[in-house]
>>> print(open('target_5.tsv').read())   # TSV, C-alpha atoms
chain	number	residue	atom	x	y	z
J	225	MET	CA	-2.69	2.39	1.83
J	226	PHE	CA	0.08	3.47	4.20
J	227	VAL	CA	-0.29	4.52	7.83
J	228	LEU	CA	2.01	5.94	10.44
J	229	VAL	CA	1.97	3.80	13.59
J	230	GLU	CA	3.31	4.82	17.00
J	231	MET	CA	5.21	2.05	18.72
J	232	THR	CA	7.51	1.52	21.68
J	233	ASP	CA	10.28	-1.03	22.03
J	234	THR	CA	13.37	-1.68	24.09
J	235	VAL	CA	16.42	-1.78	21.86
J	236	ARG	CA	19.65	-3.55	22.76
J	237	ILE	CA	22.84	-1.97	21.44
J	238	PRO	CA	26.00	-4.11	21.71
J	239	PRO	CA	29.14	-2.41	23.08
J	240	TRP	CA	31.02	-2.41	19.78
J	241	GLN	CA	28.47	0.09	18.48
J	242	PHE	CA	28.98	2.56	21.34
J	243	GLU	CA	31.30	4.68	19.21
J	244	ARG	CA	28.36	5.55	16.97
J	245	LYS	CA	25.55	7.98	17.65
J	246	LEU	CA	22.82	6.29	19.69
J	247	ASN	CA	20.04	7.51	17.41
J	248	GLU	CA	21.71	6.02	14.35
J	249	SER	CA	22.31	2.65	15.97
J	250	ILE	CA	18.75	2.51	17.26
J	251	ALA	CA	17.25	3.48	13.89
J	252	GLU	CA	19.28	0.72	12.31
J	253	GLU	CA	18.24	-1.86	14.89
J	254	LEU	CA	14.56	-0.96	14.51
J	255	ASN	CA	14.74	-1.32	10.73
J	256	LYS	CA	16.62	-4.59	11.08
J	257	LYS	CA	13.91	-5.91	13.33
J	258	LEU	CA	10.80	-4.59	11.60
J	259	ALA	CA	11.35	-3.76	7.92
J	260	ASN	CA	9.52	-6.13	5.57
J	261	LYS	CA	7.85	-7.92	8.51
J	262	VAL	CA	4.19	-8.21	9.36
J	263	VAL	CA	3.26	-7.14	12.88
J	264	TYR	CA	0.14	-8.86	14.13
J	265	ASN	CA	-2.94	-6.63	13.70
J	266	VAL	CA	-0.75	-3.72	12.61
J	267	GLY	CA	0.33	-4.47	9.03
J	268	LEU	CA	3.43	-4.83	6.88
J	269	CYS	CA	6.25	-2.64	8.20
J	270	ILE	CA	8.07	-0.57	5.59
J	271	CYS	CA	10.60	1.71	7.32
J	272	LEU	CA	11.22	3.92	10.33
J	273	TYR	CA	9.61	7.35	10.11
J	274	ASP	CA	11.15	8.99	13.19
J	275	ILE	CA	12.16	8.49	16.81
J	276	THR	CA	9.94	10.56	19.10
J	277	LYS	CA	11.49	9.82	22.49
J	278	LEU	CA	14.48	8.02	23.95
J	279	GLU	CA	14.30	6.99	27.59
J	280	ASP	CA	17.33	6.33	29.80
J	281	SER	CA	19.66	3.54	28.75
J	282	TYR	CA	20.48	0.73	31.15
J	283	ILE	CA	23.31	-1.76	31.34
J	284	PHE	CA	22.42	-4.99	33.10
J	285	PRO	CA	24.83	-7.19	35.10
J	286	GLY	CA	26.43	-9.82	32.91
J	287	ASP	CA	25.76	-8.01	29.62
J	288	GLY	CA	27.81	-5.13	28.29
J	289	ALA	CA	25.07	-3.96	25.95
J	290	SER	CA	22.86	-0.97	26.60
J	291	HIS	CA	19.09	-1.29	26.66
J	292	THR	CA	17.05	1.74	25.71
J	293	LYS	CA	13.30	2.16	25.66
J	294	VAL	CA	12.38	3.96	22.44
J	295	HIS	CA	9.17	5.64	21.31
J	296	PHE	CA	9.03	5.83	17.54
J	297	ARG	CA	6.78	6.06	14.51
J	298	TYR	CA	6.89	3.52	11.72
J	299	VAL	CA	5.51	3.54	8.17
J	300	VAL	CA	3.21	0.55	7.77
J	301	PHE	CA	1.30	-0.85	4.80
J	302	HIS	CA	-2.25	-1.34	6.07
J	303	PRO	CA	-4.98	-0.30	3.63
J	304	PHE	CA	-8.31	0.56	5.23
J	305	LEU	CA	-11.43	-1.46	4.44
J	306	ASP	CA	-13.15	-0.34	1.23
J	307	GLU	CA	-9.95	1.28	-0.05
J	308	ILE	CA	-9.37	1.07	-3.80
J	309	LEU	CA	-5.96	-0.31	-4.83
J	310	ILE	CA	-4.28	-1.21	-8.09
J	311	GLY	CA	-2.17	-4.35	-8.39
J	312	GLU	CA	-1.01	-6.91	-10.88
J	313	ILE	CA	-2.50	-10.37	-11.41
J	314	LYS	CA	0.02	-12.89	-10.10
J	315	SER	CA	-1.90	-16.09	-10.76
J	316	CYS	CA	-5.37	-17.56	-11.10
J	317	SER	CA	-6.64	-20.70	-9.39
J	318	GLN	CA	-9.91	-22.30	-8.36
J	319	ASP	CA	-9.72	-20.19	-5.19
J	320	GLY	CA	-9.84	-16.98	-7.17
J	321	VAL	CA	-7.50	-14.37	-8.56
J	322	HIS	CA	-4.21	-13.73	-6.73
J	323	VAL	CA	-2.97	-10.16	-6.91
J	324	SER	CA	0.43	-8.68	-6.06
J	325	LEU	CA	1.56	-5.12	-5.38
J	326	GLY	CA	5.21	-6.10	-5.76
J	327	PHE	CA	6.08	-5.48	-2.13
J	328	PHE	CA	2.96	-7.30	-0.91
J	329	ASP	CA	1.69	-10.54	-2.42
J	330	ASP	CA	-1.03	-11.97	-0.24
J	331	ILE	CA	-4.15	-10.61	-1.91
J	332	VAL	CA	-6.95	-12.89	-3.06
J	333	ILE	CA	-10.11	-12.05	-4.94
J	334	PRO	CA	-12.45	-15.00	-4.31
J	335	PRO	CA	-14.65	-16.28	-7.18
J	336	GLU	CA	-17.86	-14.81	-5.73
J	337	SER	CA	-16.29	-11.32	-5.69
J	338	LEU	CA	-15.39	-11.31	-9.39
J	339	GLN	CA	-17.45	-9.55	-12.04
J	340	GLN	CA	-20.40	-11.88	-12.66
J	341	PRO	CA	-20.93	-14.15	-14.51
J	342	ALA	CA	-17.40	-15.49	-14.15
J	343	LYS	CA	-15.98	-18.89	-14.98
J	344	PHE	CA	-12.62	-20.56	-14.52
J	345	ASP	CA	-11.04	-21.66	-17.79
J	346	GLU	CA	-9.42	-24.99	-16.88
J	347	ALA	CA	-7.38	-25.23	-20.07
J	348	GLU	CA	-5.81	-21.78	-19.77
J	349	GLN	CA	-5.96	-21.63	-15.97
J	350	VAL	CA	-7.41	-18.12	-15.94
J	351	TRP	CA	-10.66	-16.55	-14.78
J	352	VAL	CA	-12.97	-15.17	-17.44
J	353	TRP	CA	-15.69	-12.54	-17.15
J	354	GLU	CA	-18.48	-13.55	-19.51
J	355	TYR	CA	-19.52	-10.01	-20.24
J	356	GLU	CA	-23.03	-9.83	-21.73
J	357	THR	CA	-23.53	-7.61	-24.74
J	358	GLU	CA	-26.36	-7.40	-27.27
J	359	GLU	CA	-24.34	-9.58	-29.62
J	360	GLY	CA	-23.99	-12.27	-26.95
J	361	ALA	CA	-21.46	-13.05	-24.26
J	362	HIS	CA	-18.05	-11.54	-24.68
J	363	ASP	CA	-15.25	-13.35	-22.84
J	364	LEU	CA	-12.88	-11.06	-20.97
J	365	TYR	CA	-9.80	-12.95	-19.81
J	366	MET	CA	-7.97	-12.07	-16.62
J	367	ASP	CA	-4.45	-12.84	-17.79
J	368	ILE	CA	-1.39	-12.96	-15.55
J	369	GLY	CA	0.54	-9.70	-15.40
J	370	GLU	CA	-2.48	-7.49	-16.17
J	371	GLU	CA	-3.11	-4.45	-13.99
J	372	ILE	CA	-6.22	-4.76	-11.88
J	373	ARG	CA	-8.17	-2.31	-9.74
J	374	PHE	CA	-9.92	-3.82	-6.70
J	375	ARG	CA	-11.60	-2.89	-3.44
J	376	VAL	CA	-10.28	-4.16	-0.09
J	377	MET	CA	-13.13	-6.09	1.54
J	378	ASP	CA	-11.51	-7.88	4.44
J	379	GLU	CA	-8.20	-8.61	6.11
J	380	THR	CA	-6.90	-11.56	8.11
J	381	PHE	CA	-3.96	-11.64	10.45
J	382	VAL	CA	-2.58	-15.02	11.43
J	383	ASP	CA	-0.28	-15.29	14.41
J	384	THR	CA	2.64	-17.17	12.91
J	385	SER	CA	4.95	-16.82	15.89
J	386	PRO	CA	6.31	-20.18	16.96
J	387	THR	CA	4.35	-21.97	19.66
J	388	GLY	CA	5.37	-24.79	21.90
J	389	PRO	CA	4.05	-28.28	21.17
J	390	THR	CA	0.47	-28.48	22.39
J	391	SER	CA	0.50	-32.20	23.14
J	392	ALA	CA	2.81	-35.01	22.18
J	393	GLU	CA	0.56	-36.94	19.78
J	394	ALA	CA	-1.03	-33.89	18.18
J	395	SER	CA	2.32	-32.39	17.27
J	396	THR	CA	3.52	-35.48	15.43
J	397	SER	CA	0.41	-35.80	13.26
J	398	ASN	CA	0.12	-32.07	12.53
J	399	ALA	CA	3.78	-31.44	11.90
J	400	THR	CA	3.79	-32.57	8.29
J	401	GLU	CA	0.56	-30.72	7.48
J	402	GLU	CA	1.80	-27.47	8.99
J	403	VAL	CA	4.99	-27.51	6.99
J	404	GLN	CA	3.00	-27.84	3.80
J	405	LYS	CA	0.65	-24.92	4.28
J	406	LYS	CA	2.79	-22.14	5.60
J	407	GLU	CA	0.18	-19.55	6.26
J	408	ALA	CA	0.61	-15.95	5.24
J	409	PRO	CA	0.67	-13.70	8.32
J	410	TYR	CA	-1.46	-11.01	6.67
J	411	THR	CA	-3.92	-11.58	3.84
J	412	LEU	CA	-6.21	-9.13	2.09
J	413	MET	CA	-9.49	-10.15	0.50
J	414	GLY	CA	-10.46	-8.07	-2.51
J	415	SER	CA	-13.51	-7.61	-4.68
J	416	ILE	CA	-13.99	-6.44	-8.26
J	417	SER	CA	-17.78	-6.81	-8.48
J	418	GLU	CA	-18.56	-3.16	-9.16
J	419	PRO	CA	-18.45	-0.99	-12.26
J	420	GLY	CA	-14.95	0.44	-12.66
J	421	LEU	CA	-13.25	-2.49	-10.92
J	422	GLY	CA	-11.25	-5.21	-12.62
J	423	LEU	CA	-8.62	-4.96	-15.32
J	424	LEU	CA	-7.76	-1.34	-16.10
J	425	SER	CA	-8.12	-2.11	-19.81
J	426	TRP	CA	-11.82	-2.94	-19.31
J	427	TRP	CA	-12.67	0.63	-18.33
J	428	THR	CA	-10.54	2.86	-20.53
J	429	ASN	CA	-12.47	4.89	-23.05
J	430	ASN	CA	-10.50	4.03	-26.13
S	87	MET	CA	7.29	-4.26	21.25
S	88	HIS	CA	3.80	-2.87	20.97
S	89	GLY	CA	1.83	-0.52	18.82
S	90	LYS	CA	0.32	2.18	20.97
S	91	ASP	CA	-2.10	3.53	18.50
S	92	ALA	CA	-2.83	1.14	15.67
S	93	ASN	CA	-3.83	3.84	13.19
S	94	ALA	CA	-1.99	6.95	14.22
S	95	ALA	CA	-2.27	8.73	10.89
S	96	LEU	CA	-2.88	8.04	7.24
S	97	LEU	CA	0.04	8.70	4.92
S	98	SER	CA	-0.37	9.59	1.28
S	99	ASN	CA	1.63	7.77	-1.36
S	100	PHE	CA	3.44	11.04	-1.99
S	101	GLU	CA	4.69	11.24	1.61
S	102	VAL	CA	5.94	7.66	1.51
S	103	PHE	CA	7.54	8.27	-1.88
S	104	GLN	CA	9.40	11.29	-0.53
S	105	LEU	CA	10.51	9.52	2.64
S	106	LEU	CA	11.83	6.50	0.76
S	107	THR	CA	13.59	8.59	-1.87
S	108	ASP	CA	15.33	10.65	0.85
S	109	LEU	CA	16.26	7.56	2.83
S	110	LYS	CA	17.69	5.90	-0.26
S	111	GLN	CA	19.77	8.98	-0.97
S	112	GLN	CA	21.03	9.14	2.62
S	113	ARG	CA	22.04	5.51	2.61
S	114	LYS	CA	23.85	5.96	-0.66
S	115	GLU	CA	25.79	8.97	0.64
S	116	SER	CA	26.80	7.49	3.98
S	117	GLY	CA	28.41	4.56	2.20
S	118	LYS	CA	27.26	0.99	2.38
S	119	SER	CA	30.21	-0.72	4.06
S	120	LYS	CA	29.27	0.24	7.59
S	121	GLN	CA	25.54	-0.27	7.71
S	122	SER	CA	24.51	-2.64	4.95
S	123	SER	CA	24.98	-5.75	7.07
S	124	GLY	CA	21.70	-7.15	8.28
S	125	GLN	CA	19.65	-4.59	6.37
S	126	GLN	CA	18.60	-6.83	3.48
S	127	ASN	CA	14.99	-6.67	4.64
S	128	LEU	CA	15.01	-2.89	4.62
S	129	ASN	CA	16.68	-2.79	1.20
S	130	THR	CA	14.18	-5.24	-0.25
S	131	ILE	CA	11.07	-3.52	1.04
S	132	MET	CA	12.36	-0.06	0.12
S	133	TYR	CA	13.15	-1.15	-3.41
S	134	GLU	CA	9.84	-2.95	-3.93
S	135	THR	CA	7.72	-0.21	-2.38
S	136	LEU	CA	9.44	2.54	-4.36
S	137	LYS	CA	9.00	0.50	-7.51
S	138	TYR	CA	5.28	0.26	-6.86
S	139	ILE	CA	4.57	3.85	-5.86
S	140	SER	CA	6.78	5.26	-8.61
S	141	LYS	CA	4.14	3.97	-11.02
S	142	THR	CA	1.39	5.99	-9.29
S	143	PRO	CA	0.64	9.69	-9.90
S	144	CYS	CA	2.39	10.63	-6.63
S	145	ARG	CA	5.74	10.87	-8.38
S	146	TYR	CA	4.60	14.05	-10.13
S	147	GLN	CA	3.29	15.68	-6.95
S	148	SER	CA	4.99	18.24	-4.73
S	149	PRO	CA	4.18	19.64	-1.26
S	150	GLU	CA	2.64	22.64	-3.02
S	151	THR	CA	0.30	20.67	-5.27
S	152	VAL	CA	-0.82	18.52	-2.33
S	153	ARG	CA	-1.55	21.62	-0.24
S	154	ASP	CA	-3.43	23.33	-3.07
S	155	PHE	CA	-5.40	20.14	-3.62
S	156	LEU	CA	-6.44	19.89	0.04
S	157	ILE	CA	-7.47	23.56	0.16
S	158	THR	CA	-9.68	23.19	-2.92
S	159	MET	CA	-11.16	19.97	-1.57
S	160	LYS	CA	-12.55	21.78	1.47
S	161	GLY	CA	-15.54	22.86	-0.59
S	162	HIS	CA	-16.46	19.35	-1.67
S	163	LYS	CA	-17.44	17.89	1.73
S	164	LEU	CA	-15.48	14.67	1.44
S	165	THR	CA	-14.02	12.53	4.19
S	166	LYS	CA	-10.30	12.29	4.83
S	167	ALA	CA	-10.13	8.77	3.39
S	168	GLU	CA	-11.94	9.88	0.24
S	169	LYS	CA	-9.60	12.80	-0.31
S	170	LEU	CA	-6.61	10.56	0.27
S	171	GLN	CA	-7.78	8.17	-2.43
S	172	LEU	CA	-8.40	10.99	-4.89
S	173	LEU	CA	-4.87	12.23	-4.17
S	174	ASN	CA	-3.29	8.78	-4.55
S	175	HIS	CA	-5.20	7.75	-7.67
S	176	ARG	CA	-5.86	11.04	-9.46
S	177	PRO	CA	-9.04	9.70	-11.08
S	178	VAL	CA	-9.77	10.80	-14.64
S	179	THR	CA	-13.18	9.18	-15.13
S	180	ALA	CA	-16.51	9.55	-13.34
S	181	VAL	CA	-16.69	5.83	-12.64
S	182	GLU	CA	-13.46	6.03	-10.62
S	183	ILE	CA	-14.87	8.88	-8.51
S	184	GLN	CA	-17.95	6.79	-7.82
S	185	LEU	CA	-15.72	4.00	-6.52
S	186	MET	CA	-13.74	6.24	-4.20
S	187	VAL	CA	-16.55	8.36	-2.81
S	188	GLU	CA	-18.93	6.40	-0.63
S	189	GLU	CA	-22.60	6.54	-1.62
S	190	SER	CA	-21.65	8.98	-4.32
S	191	GLU	CA	-25.02	8.61	-6.02
S	192	GLU	CA	-26.82	10.14	-3.05
S	193	ARG	CA	-24.12	12.62	-2.11
S	194	LEU	CA	-23.02	13.97	-5.47
S	195	THR	CA	-24.89	15.14	-8.52
S	196	GLU	CA	-23.53	14.53	-11.99
S	197	GLU	CA	-22.36	18.13	-12.19
S	198	GLN	CA	-20.58	17.85	-8.84
S	199	ILE	CA	-18.76	14.72	-10.03
S	200	GLU	CA	-17.80	16.55	-13.18
S	201	SER	CA	-16.45	19.55	-11.26
S	202	LEU	CA	-14.59	17.23	-8.87
S	203	LEU	CA	-12.94	15.52	-11.82
S	204	GLN	CA	-12.04	18.89	-13.25
S	205	THR	CA	-10.46	20.01	-9.96
S	206	VAL	CA	-8.53	16.78	-9.47
S	207	THR	CA	-7.09	16.69	-12.97
S	208	SER	CA	-6.30	20.40	-13.13
S	209	ILE	CA	-4.55	20.66	-9.74
S	210	LEU	CA	-2.77	17.33	-9.58
S	211	PRO	CA	-0.21	16.83	-12.32
S	212	GLY	CA	-0.47	13.64	-14.34
S	213	ASP	CA	2.05	11.80	-16.43
S	214	PRO	CA	3.61	14.55	-18.59
S	215	GLU	CA	3.67	12.31	-21.65
S	216	GLU	CA	0.04	11.36	-21.34
S	217	GLN	CA	-0.93	14.95	-20.67
S	218	GLN	CA	0.56	16.03	-23.93
S	219	ARG	CA	-1.75	13.62	-25.68
S	220	GLU	CA	-4.72	14.79	-23.60
S	221	SER	CA	-3.90	18.46	-23.87
S	222	PRO	CA	-6.33	19.40	-26.65
S	223	MET	CA	-9.14	18.43	-24.25
S	224	ALA	CA	-7.71	20.12	-21.19
S	225	THR	CA	-6.92	23.55	-22.59
S	226	GLU	CA	-9.37	25.17	-20.18
S	227	ASP	CA	-6.97	24.55	-17.30
S	228	LYS	CA	-5.70	27.76	-15.84
S	229	GLY	CA	-2.19	28.10	-17.16
S	230	ASP	CA	0.78	25.89	-16.57
S	231	GLN	CA	2.53	26.65	-13.31
S	232	GLU	CA	5.29	24.15	-13.76
>>> encode(input="target_5.tsv", output="structure tokens")
Amino acid sequence: MFVLVEMTDTVRIPPWQFERKLNESIAEELNKKLANKVVYNVGLCICLYDITKLEDSYIFPGDGASHTKVHFRYVVFHPFLDEILIGEIKSCSQDGVHVSLGFFDDIVIPPESLQQPAKFDEAEQVWVWEYETEEGAHDLYMDIGEEIRFRVMDETFVDTSPTGPTSAEASTSNATEEVQKKEAPYTLMGSISEPGLGLLSWWTNN
Amino acid sequence: MHGKDANAALLSNFEVFQLLTDLKQQRKESGKSKQSSGQQNLNTIMYETLKYISKTPCRYQSPETVRDFLITMKGHKLTKAEKLQLLNHRPVTAVEIQLMVEESEERLTEEQIESLLQTVTSILPGDPEEQQRESPMATEDKGDQE
């Protein structure tokens, strides 16, 4: 679920930090900038792993800060496709089951990827697996807070960086809509339609 | 800022667990006053990630168990990603192995799955409390090295 990603960046260190070791200041700046952020097509950044190379630092006219090009490796949450993960059910809705890992929330298991046959219980607002046995259907509820094992089927990255207004009239009409649906920068699509997947309690022997 | 190599290397939960535990310790020792400003994001993600992976079997692993595991796995002809998942999840049932090993029905016989399960559970330590309950079944394991 975690990968080590090589990156490069130019880090600006303000003069009042010059008394400190450069490596320390840079490590801190990189974590300030990246930790708990999604980088487009890379994943959710966790923390700095190490600095592999520091290039020369420059001071530009009009700015007392130093600018250093850094090569570093960062720990990133980015599960590969088909990976098996365990999470907790955060909520259920018509769109499917929403799963959280605690540090990462944007996981959806769409209705067609649930164990079949499945139905959405409107009254309780939970998904139910209508498990067939010889004695008839047995309803297995997917309650909030339950631990769930799923397979990663797909991922979507959305570029959420701010963009300039495209055209005057479009921006006014879209503005309200955009505020309402603040899109997640990184979403995982899961599936539980295989034996062994779904709530952990469904597959324990006892 | 740009990623040079999007997937440089896979990290096991154990490696991330160790890194975060060390980092947490370092930050505690060096005192918060100087560096805590502006590091709320780092603190949040470290806390949440540690909380999640502390619940996985990686918290009972050590560099030695991971190395022993990888050496024994050489004989099983599995891909890197498959071995990583076995390491992270420490499966205890055949159905879990079938999920983590691609096309396991064609690639593995029932006996091979059984021996894989045996290897995984004997080399990788599980929750000590749960193991005590399981122990009557797992007495065949070769001694207790811990």
>>> closest_residue(input="target_5.tsv", among="J:His291, J:Gly388, J:Ile331, J:Glu346", to="Pro239 of chain J", atoms="only C-alpha atoms")
J:His291
>>> residues_around(input="target_5.tsv", residues="His295 of chain J", least_positions_apart="5", cutoff="8 Å", atoms="only C-alpha atoms", output="list in words")
Glu230, Met231, Thr232, Asp233, Ile275, Thr276, Lys277 and Leu278 of chain J
>>> interface_residues(input="target_5.tsv", of="chain J", to="chain S", cutoff="6 Å", atoms="all atoms listed in the file", output="list in words")
Phe226, Val227, Leu228, Val229, Glu230, Met231, Thr232, Asp233, Lys256, Ala259, Asn260, Gly326, Phe327 and Gly420 of chain J
>>> residues_around(input="target_5.tsv", residues="Tyr410 of chain J", least_positions_apart="5", cutoff="8 Å", atoms="only C-alpha atoms", output="MDAnalysis selection string")
chainID J and resid 262 264 267:268 330 379:382
>>> atom_distance(input="target_5.tsv", atom1="atom CA of Lys314 of chain J", atom2="atom CA of Asp329 of chain J")
8.2 Å
>>> residues_around(input="target_5.tsv", residues="Glu336 of chain J", least_positions_apart="3", cutoff="12 Å", atoms="only C-alpha atoms", output="list in words")
Gln318, Asp319, Gly320, Val321, Val332, Ile333, Gln339, Gln340, Pro341, Ala342, Lys343, Phe344, Trp351, Trp353, Met413, Gly414, Ser415, Ile416 and Ser417 of chain J
>>> closest_residue(input="target_5.tsv", among="J:Ala361, J:Leu254, J:Asp280, J:Ile310", to="Leu325 of chain J", atoms="only C-alpha atoms")
J:Ile310
>>> residues_near_point(input="target_5.tsv", point="(-7.0, -11.8, -17.1)", cutoff="12 Å", atoms="all atoms listed in the file", output="MDAnalysis selection string")
chainID J and resid 312:317 320:323 338:339 342:345 348:354 363:372 422:426
>>> atom_distance(input="target_5.tsv", atom1="atom CA of Thr292 of chain J", atom2="atom CA of Cys271 of chain J")
19.5 Å
>>> residues_near_point(input="target_5.tsv", point="(-11.5, -2.2, -3.3)", cutoff="8 Å", atoms="only C-alpha atoms", output="PyMOL selection string")
chain J and resi 305-309+373-377+414-416+421
